[in-house]
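Structure file query-v9.pdb (PDB, C-alpha atoms) follows.
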MODEL        1
ATOM      1  CA  MET E  29    -104.625  66.301  41.095
ATOM      2  CA  ALA E  30    -101.527  66.726  43.303
ATOM      3  CA  ARG E  31    -103.057  64.276  45.728
ATOM      4  CA  ASP E  32    -103.494  61.785  42.912
ATOM      5  CA  ILE E  33     -99.803  61.948  41.979
ATOM      6  CA  ALA E  34     -98.820  61.563  45.620
ATOM      7  CA  MET E  35    -100.953  58.415  45.828
ATOM      8  CA  LYS E  36     -99.331  57.008  42.679
ATOM      9  CA  ARG E  37     -95.926  57.826  44.095
ATOM     10  CA  ARG E  38     -96.784  56.068  47.325
ATOM     11  CA  SER E  39     -98.041  52.918  45.640
ATOM     12  CA  PHE E  40     -95.008  52.987  43.315
ATOM     13  CA  PHE E  41     -92.658  53.021  46.291
ATOM     14  CA  ALA E  42     -94.647  50.271  47.967
ATOM     15  CA  ARG E  43     -94.339  48.139  44.841
ATOM     16  CA  VAL E  44     -90.590  48.774  44.524
ATOM     17  CA  ALA E  45     -90.140  47.837  48.164
ATOM     18  CA  ALA E  46     -92.142  44.633  47.637
ATOM     19  CA  ILE E  47     -90.064  43.649  44.597
ATOM     20  CA  ALA E  48     -86.809  44.422  46.385
ATOM     21  CA  GLY E  49     -87.994  42.390  49.347
ATOM     22  CA  ALA E  50     -88.884  39.428  47.154
ATOM     23  CA  ALA E  51     -85.491  39.574  45.463
ATOM     24  CA  ALA E  52     -83.734  39.574  48.817
ATOM     25  CA  LEU E  53     -85.819  36.622  50.054
ATOM     26  CA  PRO E  54     -83.727  33.666  48.817
ATOM     27  CA  SER E  55     -80.623  34.850  50.604
ATOM     28  CA  ARG E  56     -82.590  35.524  53.797
ATOM     29  CA  ALA E  57     -84.171  32.081  53.539
ATOM     30  CA  GLN E  58     -80.771  30.513  52.982
ATOM     31  CA  ILE E  59     -79.400  32.137  56.106
ATOM     32  CA  ARG E  60     -82.457  31.199  58.159
ATOM     33  CA  PHE E  61     -82.560  27.545  57.134
ATOM     34  CA  GLN E  62     -78.916  26.809  56.507
ATOM     35  CA  PRO E  63     -76.892  28.682  59.092
ATOM     36  CA  PRO E  64     -73.111  28.159  58.921
ATOM     37  CA  GLN E  65     -72.025  25.558  61.441
ATOM     38  CA  ASP E  66     -68.814  25.558  63.408
ATOM     39  CA  ILE E  67     -66.741  22.772  61.854
ATOM     40  CA  THR E  68     -63.812  23.163  64.278
ATOM     41  CA  PRO E  69     -64.946  20.190  66.427
ATOM     42  CA  LEU E  70     -65.144  17.984  63.317
ATOM     43  CA  ILE E  71     -61.597  18.971  62.346
ATOM     44  CA  LEU E  72     -60.264  18.500  65.871
ATOM     45  CA  GLU E  73     -61.858  15.043  65.996
ATOM     46  CA  ILE E  74     -59.760  14.001  62.988
ATOM     47  CA  THR E  75     -56.587  15.758  64.116
ATOM     48  CA  LYS E  76     -57.076  14.506  67.705
ATOM     49  CA  GLY E  77     -56.709  17.967  69.163
ATOM     50  CA  VAL E  78     -53.921  19.278  66.921
ATOM     51  CA  THR E  79     -54.689  22.670  65.369
ATOM     52  CA  PRO E  80     -54.035  22.372  61.622
ATOM     53  CA  GLU E  81     -51.628  24.731  59.851
ATOM     54  CA  LYS E  82     -53.087  26.976  57.202
ATOM     55  CA  LYS E  83     -50.800  26.094  54.272
ATOM     56  CA  GLY E  84     -50.031  23.711  51.437
ATOM     57  CA  VAL E  85     -53.613  22.933  50.381
ATOM     58  CA  GLU E  86     -54.794  24.300  47.059
ATOM     59  CA  VAL E  87     -58.558  24.151  46.553
ATOM     60  CA  GLU E  88     -59.876  24.659  43.050
ATOM     61  CA  LEU E  89     -63.537  25.719  42.941
ATOM     62  CA  PRO E  90     -65.421  28.058  40.621
ATOM     63  CA  VAL E  91     -65.531  31.634  41.968
ATOM     64  CA  LEU E  92     -69.239  31.892  41.273
ATOM     65  CA  VAL E  93     -71.401  28.782  41.367
ATOM     66  CA  GLU E  94     -74.749  29.018  39.599
ATOM     67  CA  ASN E  95     -75.967  25.559  40.543
ATOM     68  CA  GLY E  96     -74.986  24.190  43.917
ATOM     69  CA  ASN E  97     -75.993  20.662  42.960
ATOM     70  CA  THR E  98     -72.841  19.903  40.993
ATOM     71  CA  VAL E  99     -69.789  21.920  41.867
ATOM     72  CA  PRO E 100     -66.479  20.743  40.403
ATOM     73  CA  LEU E 101     -63.832  20.525  43.119
ATOM     74  CA  ARG E 102     -60.135  19.775  42.741
ATOM     75  CA  VAL E 103     -57.754  19.593  45.671
ATOM     76  CA  ARG E 104     -53.954  19.640  45.456
ATOM     77  CA  VAL E 105     -51.633  19.287  48.417
ATOM     78  CA  ALA E 106     -47.981  20.346  48.266
ATOM     79  CA  SER E 107     -46.383  17.010  49.144
ATOM     80  CA  PRO E 108     -43.756  14.870  47.364
ATOM     81  CA  MET E 109     -45.686  11.642  48.194
ATOM     82  CA  THR E 110     -42.592   9.716  49.335
ATOM     83  CA  ASP E 111     -42.622   7.060  52.061
ATOM     84  CA  ALA E 112     -41.361   9.603  54.592
ATOM     85  CA  ASP E 113     -43.535  12.529  53.528
ATOM     86  CA  HIS E 114     -46.948  11.809  52.086
ATOM     87  CA  VAL E 115     -50.609  12.696  52.364
ATOM     88  CA  LYS E 116     -52.685  10.053  54.102
ATOM     89  CA  ALA E 117     -56.121  11.562  53.729
ATOM     90  CA  ILE E 118     -58.010  14.564  52.414
ATOM     91  CA  HIS E 119     -61.253  15.618  54.104
ATOM     92  CA  VAL E 120     -63.741  18.097  52.640
ATOM     93  CA  PHE E 121     -66.109  20.135  54.822
ATOM     94  CA  ALA E 122     -68.879  22.532  53.777
ATOM     95  CA  GLU E 123     -70.015  24.571  56.772
ATOM     96  CA  ARG E 124     -73.478  25.428  55.500
ATOM     97  CA  ASN E 125     -74.458  22.014  54.186
ATOM     98  CA  PRO E 126     -76.964  20.181  56.418
ATOM     99  CA  ARG E 127     -74.294  17.500  56.800
ATOM    100  CA  PRO E 128     -70.958  19.335  56.714
ATOM    101  CA  CYS E 129     -68.802  16.245  56.076
ATOM    102  CA  VAL E 130     -68.817  16.055  52.283
ATOM    103  CA  ALA E 131     -66.260  13.304  51.695
ATOM    104  CA  SER E 132     -63.031  11.787  52.984
ATOM    105  CA  PHE E 133     -60.415  10.547  50.523
ATOM    106  CA  TYR E 134     -57.804   8.079  51.794
ATOM    107  CA  LEU E 135     -54.635   7.827  49.720
ATOM    108  CA  GLY E 136     -52.712   4.550  49.689
ATOM    109  CA  ALA E 137     -49.133   3.753  48.786
ATOM    110  CA  LEU E 138     -49.964   3.413  45.072
ATOM    111  CA  CYS E 139     -51.430   6.909  44.914
ATOM    112  CA  ALA E 140     -49.038   8.921  42.780
ATOM    113  CA  ARG E 141     -50.092  12.483  43.451
ATOM    114  CA  PRO E 142     -51.779  14.201  46.382
ATOM    115  CA  GLU E 143     -54.526  15.379  44.088
ATOM    116  CA  VAL E 144     -58.205  14.439  43.895
ATOM    117  CA  SER E 145     -61.196  15.815  42.091
ATOM    118  CA  ALA E 146     -64.909  15.300  42.583
ATOM    119  CA  ARG E 147     -68.290  16.925  42.133
ATOM    120  CA  ILE E 148     -69.911  18.171  45.320
ATOM    121  CA  ARG E 149     -73.131  19.800  46.502
ATOM    122  CA  LEU E 150     -73.122  23.206  48.192
ATOM    123  CA  ALA E 151     -76.180  24.493  50.065
ATOM    124  CA  GLY E 152     -75.253  28.154  49.763
ATOM    125  CA  THR E 153     -72.547  30.806  49.772
ATOM    126  CA  GLN E 154     -69.989  29.591  52.259
ATOM    127  CA  THR E 155     -66.433  28.627  53.091
ATOM    128  CA  VAL E 156     -65.351  25.175  51.954
ATOM    129  CA  THR E 157     -62.612  23.782  54.193
ATOM    130  CA  VAL E 158     -60.231  21.085  53.024
ATOM    131  CA  LEU E 159     -58.145  19.290  55.634
ATOM    132  CA  ALA E 160     -55.088  17.279  54.589
ATOM    133  CA  GLU E 161     -53.796  14.592  56.915
ATOM    134  CA  LEU E 162     -50.052  14.090  56.365
ATOM    135  CA  SER E 163     -47.546  11.549  57.588
ATOM    136  CA  GLY E 164     -45.833  12.407  60.876
ATOM    137  CA  ASN E 165     -49.066  13.615  62.498
ATOM    138  CA  ARG E 166     -49.143  16.852  60.535
ATOM    139  CA  TYR E 167     -52.349  18.552  59.458
ATOM    140  CA  TRP E 168     -52.795  21.272  56.880
ATOM    141  CA  VAL E 169     -55.943  23.159  56.102
ATOM    142  CA  GLY E 170     -57.081  25.170  53.111
ATOM    143  CA  PRO E 171     -60.242  27.269  53.419
ATOM    144  CA  ARG E 172     -61.843  28.595  50.273
ATOM    145  CA  ASP E 173     -64.797  31.002  49.965
ATOM    146  CA  VAL E 174     -67.346  30.237  47.297
ATOM    147  CA  LEU E 175     -70.392  32.194  46.095
ATOM    148  CA  VAL E 176     -73.442  30.056  45.339
ATOM    149  CA  THR E 177     -76.439  31.696  43.677
ATOM    150  CA  SER E 178     -78.737  28.654  43.768
ATOM    151  CA  GLY E 179     -77.922  26.185  46.485
ATOM    152  CA  ALA E 180     -78.509  22.448  46.692
ATOM    153  CA  CYS E 181     -80.679  20.856  49.392
ATOM    154  CA  LEU E 182     -82.890  23.940  49.498
ATOM    155  CA  ASP E 183     -86.061  23.034  47.656
ATOM    156  CA  ASP E 184     -89.562  24.309  48.420
ATOM    157  CA  ALA E 185     -90.147  21.684  51.096
ATOM    158  CA  SER E 186     -87.599  23.170  53.428
ATOM    159  CA  LEU E 187     -88.724  26.792  53.013
TER     160      LEU E 187
ATOM    161  CA  MET Y   2     -75.777  -3.856  41.111
ATOM    162  CA  ILE Y   3     -74.968  -0.165  40.875
ATOM    163  CA  PRO Y   4     -73.673   0.705  37.405
ATOM    164  CA  GLY Y   5     -70.513   2.696  36.939
ATOM    165  CA  LYS Y   6     -67.342   2.853  34.932
ATOM    166  CA  ILE Y   7     -63.685   3.767  35.153
ATOM    167  CA  GLN Y   8     -61.372   5.340  32.653
ATOM    168  CA  VAL Y   9     -57.605   4.805  32.493
ATOM    169  CA  PRO Y  10     -54.975   5.544  29.830
ATOM    170  CA  ALA Y  11     -54.431   2.873  27.143
ATOM    171  CA  SER Y  12     -50.870   2.321  28.333
ATOM    172  CA  VAL Y  13     -48.786   3.680  31.184
ATOM    173  CA  LYS Y  14     -45.142   3.790  32.264
ATOM    174  CA  ALA Y  15     -43.969   1.857  35.322
ATOM    175  CA  GLY Y  16     -44.016   4.020  38.446
ATOM    176  CA  GLU Y  17     -45.402   7.042  36.648
ATOM    177  CA  ALA Y  18     -48.597   8.841  37.596
ATOM    178  CA  PHE Y  19     -51.729   8.347  35.533
ATOM    179  CA  GLU Y  20     -55.221   9.607  36.177
ATOM    180  CA  VAL Y  21     -58.014   7.212  37.084
ATOM    181  CA  ARG Y  22     -61.515   8.573  36.623
ATOM    182  CA  VAL Y  23     -64.524   6.913  38.191
ATOM    183  CA  LEU Y  24     -68.163   7.620  37.433
ATOM    184  CA  VAL Y  25     -70.918   5.856  39.366
ATOM    185  CA  GLN Y  26     -74.575   6.044  38.380
ATOM    186  CA  HIS Y  27     -76.529   6.746  41.539
ATOM    187  CA  PRO Y  28     -79.205   9.298  42.567
ATOM    188  CA  MET Y  29     -77.367  10.175  45.830
ATOM    189  CA  GLU Y  30     -80.658  11.100  47.548
ATOM    190  CA  THR Y  31     -79.828  13.418  50.455
ATOM    191  CA  GLY Y  32     -82.877  12.633  52.592
ATOM    192  CA  PHE Y  33     -83.810  16.310  52.699
ATOM    193  CA  ARG Y  34     -86.020  16.298  49.625
ATOM    194  CA  ARG Y  35     -89.764  15.624  49.408
ATOM    195  CA  ASP Y  36     -91.817  14.023  46.672
ATOM    196  CA  LEU Y  37     -94.928  15.563  45.073
ATOM    197  CA  ASP Y  38     -97.155  14.331  47.916
ATOM    198  CA  GLY Y  39     -94.931  15.945  50.513
ATOM    199  CA  ARG Y  40     -93.488  12.698  51.845
ATOM    200  CA  ALA Y  41     -89.808  12.749  52.687
ATOM    201  CA  ILE Y  42     -87.629  10.811  50.239
ATOM    202  CA  PRO Y  43     -85.348   8.634  52.365
ATOM    203  CA  MET Y  44     -81.605   9.036  52.163
ATOM    204  CA  HIS Y  45     -79.951   6.764  49.636
ATOM    205  CA  ILE Y  46     -76.302   7.348  48.871
ATOM    206  CA  VAL Y  47     -73.184   5.526  47.774
ATOM    207  CA  ASP Y  48     -71.120   5.802  50.945
ATOM    208  CA  LYS Y  49     -68.010   3.770  50.170
ATOM    209  CA  LEU Y  50     -65.740   3.477  47.170
ATOM    210  CA  SER Y  51     -62.375   1.805  47.004
ATOM    211  CA  CYS Y  52     -59.745   1.138  44.385
ATOM    212  CA  THR Y  53     -57.291  -1.753  44.527
ATOM    213  CA  PHE Y  54     -54.464  -2.950  42.303
ATOM    214  CA  GLY Y  55     -53.421  -6.584  42.722
ATOM    215  CA  GLY Y  56     -54.987  -6.697  46.175
ATOM    216  CA  ARG Y  57     -53.214  -3.527  47.373
ATOM    217  CA  GLU Y  58     -55.334  -0.548  48.242
ATOM    218  CA  VAL Y  59     -54.709   2.462  46.020
ATOM    219  CA  PHE Y  60     -57.438   4.830  47.067
ATOM    220  CA  ARG Y  61     -60.546   4.832  49.233
ATOM    221  CA  VAL Y  62     -63.359   7.325  49.659
ATOM    222  CA  GLU Y  63     -66.051   7.758  52.286
ATOM    223  CA  LEU Y  64     -68.815   9.716  50.630
ATOM    224  CA  GLY Y  65     -71.468  11.827  52.337
ATOM    225  CA  SER Y  66     -74.733  13.267  51.069
ATOM    226  CA  GLY Y  67     -72.736  16.318  49.975
ATOM    227  CA  MET Y  68     -71.463  14.447  46.927
ATOM    228  CA  SER Y  69     -73.373  15.174  43.722
ATOM    229  CA  ALA Y  70     -75.743  12.734  42.066
ATOM    230  CA  ASN Y  71     -73.813  10.314  39.836
ATOM    231  CA  PRO Y  72     -70.606  10.793  41.794
ATOM    232  CA  TYR Y  73     -67.463  11.478  39.777
ATOM    233  CA  ILE Y  74     -64.091  10.986  41.407
ATOM    234  CA  ALA Y  75     -60.641  11.271  39.862
ATOM    235  CA  PHE Y  76     -57.236  10.543  41.354
ATOM    236  CA  PHE Y  77     -53.690   9.662  40.315
ATOM    237  CA  ALA Y  78     -52.229   6.172  40.641
ATOM    238  CA  LYS Y  79     -48.908   4.542  39.804
ATOM    239  CA  VAL Y  80     -48.217   0.866  39.238
ATOM    240  CA  PRO Y  81     -44.973  -1.155  39.182
ATOM    241  CA  ALA Y  82     -46.162  -3.667  36.559
ATOM    242  CA  SER Y  83     -49.145  -4.574  34.391
ATOM    243  CA  GLY Y  84     -52.237  -5.770  36.202
ATOM    244  CA  GLU Y  85     -55.878  -5.177  36.894
ATOM    245  CA  LEU Y  86     -57.178  -2.060  38.586
ATOM    246  CA  VAL Y  87     -60.455  -2.736  40.393
ATOM    247  CA  VAL Y  88     -62.862  -0.127  41.716
ATOM    248  CA  GLU Y  89     -65.688  -1.237  43.987
ATOM    249  CA  TRP Y  90     -68.460   0.782  45.585
ATOM    250  CA  SER Y  91     -71.448   0.158  47.821
ATOM    251  CA  ASP Y  92     -74.437   2.186  48.991
ATOM    252  CA  ASP Y  93     -76.114   2.528  52.376
ATOM    253  CA  ARG Y  94     -78.659  -0.184  51.455
ATOM    254  CA  GLY Y  95     -75.955  -2.759  50.811
ATOM    255  CA  ASP Y  96     -76.097  -2.600  47.017
ATOM    256  CA  ARG Y  97     -72.728  -2.997  45.346
ATOM    257  CA  GLY Y  98     -71.028  -2.174  42.091
ATOM    258  CA  ARG Y  99     -67.694  -2.898  40.491
ATOM    259  CA  ALA Y 100     -65.623  -1.863  37.506
ATOM    260  CA  SER Y 101     -62.167  -2.953  36.443
ATOM    261  CA  ALA Y 102     -59.615  -2.055  33.824
ATOM    262  CA  ALA Y 103     -56.415  -3.670  32.620
ATOM    263  CA  ILE Y 104     -53.360  -1.477  33.205
ATOM    264  CA  ILE Y 105     -50.727  -2.146  30.564
ATOM    265  CA  VAL Y 106     -47.214  -1.040  31.416
ATOM    266  CA  ALA Y 107     -45.445  -0.211  28.165
TER     267      ALA Y 107
ENDMDL
END

Write the structure described by the file as structure tokens, please.
Amino acid sequence: MARDIAMKRRSFFARVAAIAGAAALPSRAQIRFQPPQDITPLILEITKGVTPEKKGVEVELPVLVENGNTVPLRVRVASPMTDADHVKAIHVFAERNPRPCVASFYLGALCARPEVSARIRLAGTQTVTVLAELSGNRYWVGPRDVLVTSGACLDDASL
Amino acid sequence: MIPGKIQVPASVKAGEAFEVRVLVQHPMETGFRRDLDGRAIPMHIVDKLSCTFGGREVFRVELGSGMSANPYIAFFAKVPASGELVVEWSDDRGDRGRASAAIIVA
């Protein structure tokens, strides 16, 4: 009888371990197939070697993203947008997307505010980096961490 | 012809900011997905979008596969006088689309 209970206990633990393992699988798969890439070279290519300052860029993203296929993004840069001091371009990078360059926005003279919004795809929990290119060869950067429970680009085919 | 539309306020003030919202209808296929037979679906994305007002460039975007399907983009513009705001986009297969709106300075 005691042996019987021990066996039940053992199989119970085995089952719990299996369930826990299965639950942990998506995150393990995400890490295995979508490792974070180093986006520093991409940034330095745009800045031509200048290290960007970490200031002035406000990135609005949901704290927790349930569906990585459509993530609302809004970027604001602290700039008066005058002829002498304006934002020329805003670049968005997602380090764990298969292609980290998400989009580049170029702002012309008729752009009134250094603010853009878009819907982007995120392949997993990661840091989204927004680089602002300002007049006078200045570069500002705003990193933002975002939690993604179900990423884009990760369907059954890639697992 | 890639369908899409833009939305602007009914009337604006000269030199004051107003929001321009653009919505393009496009699947934005990343090239990483597979169909039911396991064949890779080739990449197919809108990669360029630009906005002009009276021939002057207002705003331009280079899109990657990281933009969502049916890309939505919003930005702020200002105009000195009434005119036509034109938004044009094209995909990586050379297909194009265009939308325009009259900006009335009141």

message = I'd like the contact shell of range 19-35 of chain Y - 8 Å cut-off, only C-alpha atoms, skipping same-chain residues fewer than 4 positions apart - returned as a ChimeraX atom specification.
response = /E:140,181,183,185-186 /Y:3-10,13,39-47,66-79

Define the interface residues of chain E facing chain Y as those within 12 Å, counting all atoms listed in the file, and report them as a compact mmCIF listing (two decimals) with C-alpha atoms, in the frame of the given file.
# COMPACT_ATOMS: atom_id res chain seq x y z
CA ASN E 95 -75.97 25.56 40.54
CA GLY E 96 -74.99 24.19 43.92
CA ASN E 97 -75.99 20.66 42.96
CA THR E 98 -72.84 19.90 40.99
CA VAL E 99 -69.79 21.92 41.87
CA PRO E 100 -66.48 20.74 40.40
CA LEU E 101 -63.83 20.52 43.12
CA ARG E 102 -60.14 19.77 42.74
CA VAL E 103 -57.75 19.59 45.67
CA ARG E 104 -53.95 19.64 45.46
CA MET E 109 -45.69 11.64 48.19
CA VAL E 115 -50.61 12.70 52.36
CA LYS E 116 -52.68 10.05 54.10
CA ALA E 117 -56.12 11.56 53.73
CA ILE E 118 -58.01 14.56 52.41
CA HIS E 119 -61.25 15.62 54.10
CA VAL E 120 -63.74 18.10 52.64
CA PHE E 121 -66.11 20.14 54.82
CA ALA E 122 -68.88 22.53 53.78
CA GLU E 123 -70.02 24.57 56.77
CA ARG E 124 -73.48 25.43 55.50
CA ASN E 125 -74.46 22.01 54.19
CA PRO E 126 -76.96 20.18 56.42
CA ARG E 127 -74.29 17.50 56.80
CA PRO E 128 -70.96 19.34 56.71
CA CYS E 129 -68.80 16.24 56.08
CA VAL E 130 -68.82 16.06 52.28
CA ALA E 131 -66.26 13.30 51.70
CA SER E 132 -63.03 11.79 52.98
CA PHE E 133 -60.42 10.55 50.52
CA TYR E 134 -57.80 8.08 51.79
CA LEU E 135 -54.64 7.83 49.72
CA GLY E 136 -52.71 4.55 49.69
CA ALA E 137 -49.13 3.75 48.79
CA LEU E 138 -49.96 3.41 45.07
CA CYS E 139 -51.43 6.91 44.91
CA ALA E 140 -49.04 8.92 42.78
CA ARG E 141 -50.09 12.48 43.45
CA PRO E 142 -51.78 14.20 46.38
CA GLU E 143 -54.53 15.38 44.09
CA VAL E 144 -58.20 14.44 43.90
CA SER E 145 -61.20 15.82 42.09
CA ALA E 146 -64.91 15.30 42.58
CA ARG E 147 -68.29 16.92 42.13
CA ILE E 148 -69.91 18.17 45.32
CA ARG E 149 -73.13 19.80 46.50
CA LEU E 150 -73.12 23.21 48.19
CA ALA E 151 -76.18 24.49 50.06
CA VAL E 156 -65.35 25.18 51.95
CA GLY E 179 -77.92 26.18 46.48
CA ALA E 180 -78.51 22.45 46.69
CA CYS E 181 -80.68 20.86 49.39
CA LEU E 182 -82.89 23.94 49.50
CA ASP E 183 -86.06 23.03 47.66
CA ASP E 184 -89.56 24.31 48.42
CA ALA E 185 -90.15 21.68 51.10
CA SER E 186 -87.60 23.17 53.43
CA LEU E 187 -88.72 26.79 53.01

ask   = So what do you get for CA of Asn165 in chain E versus CA of Glu73 in chain E, distance-wise?
value = 13.3 Å

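Put simply, CA of Ser91 in chain Y is 24.6 Å away from CA of Ala160 in chain E.
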
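Interatomic distance, CA of Pro90 in chain E against CA of Thr177 in chain E: 12.0 Å.
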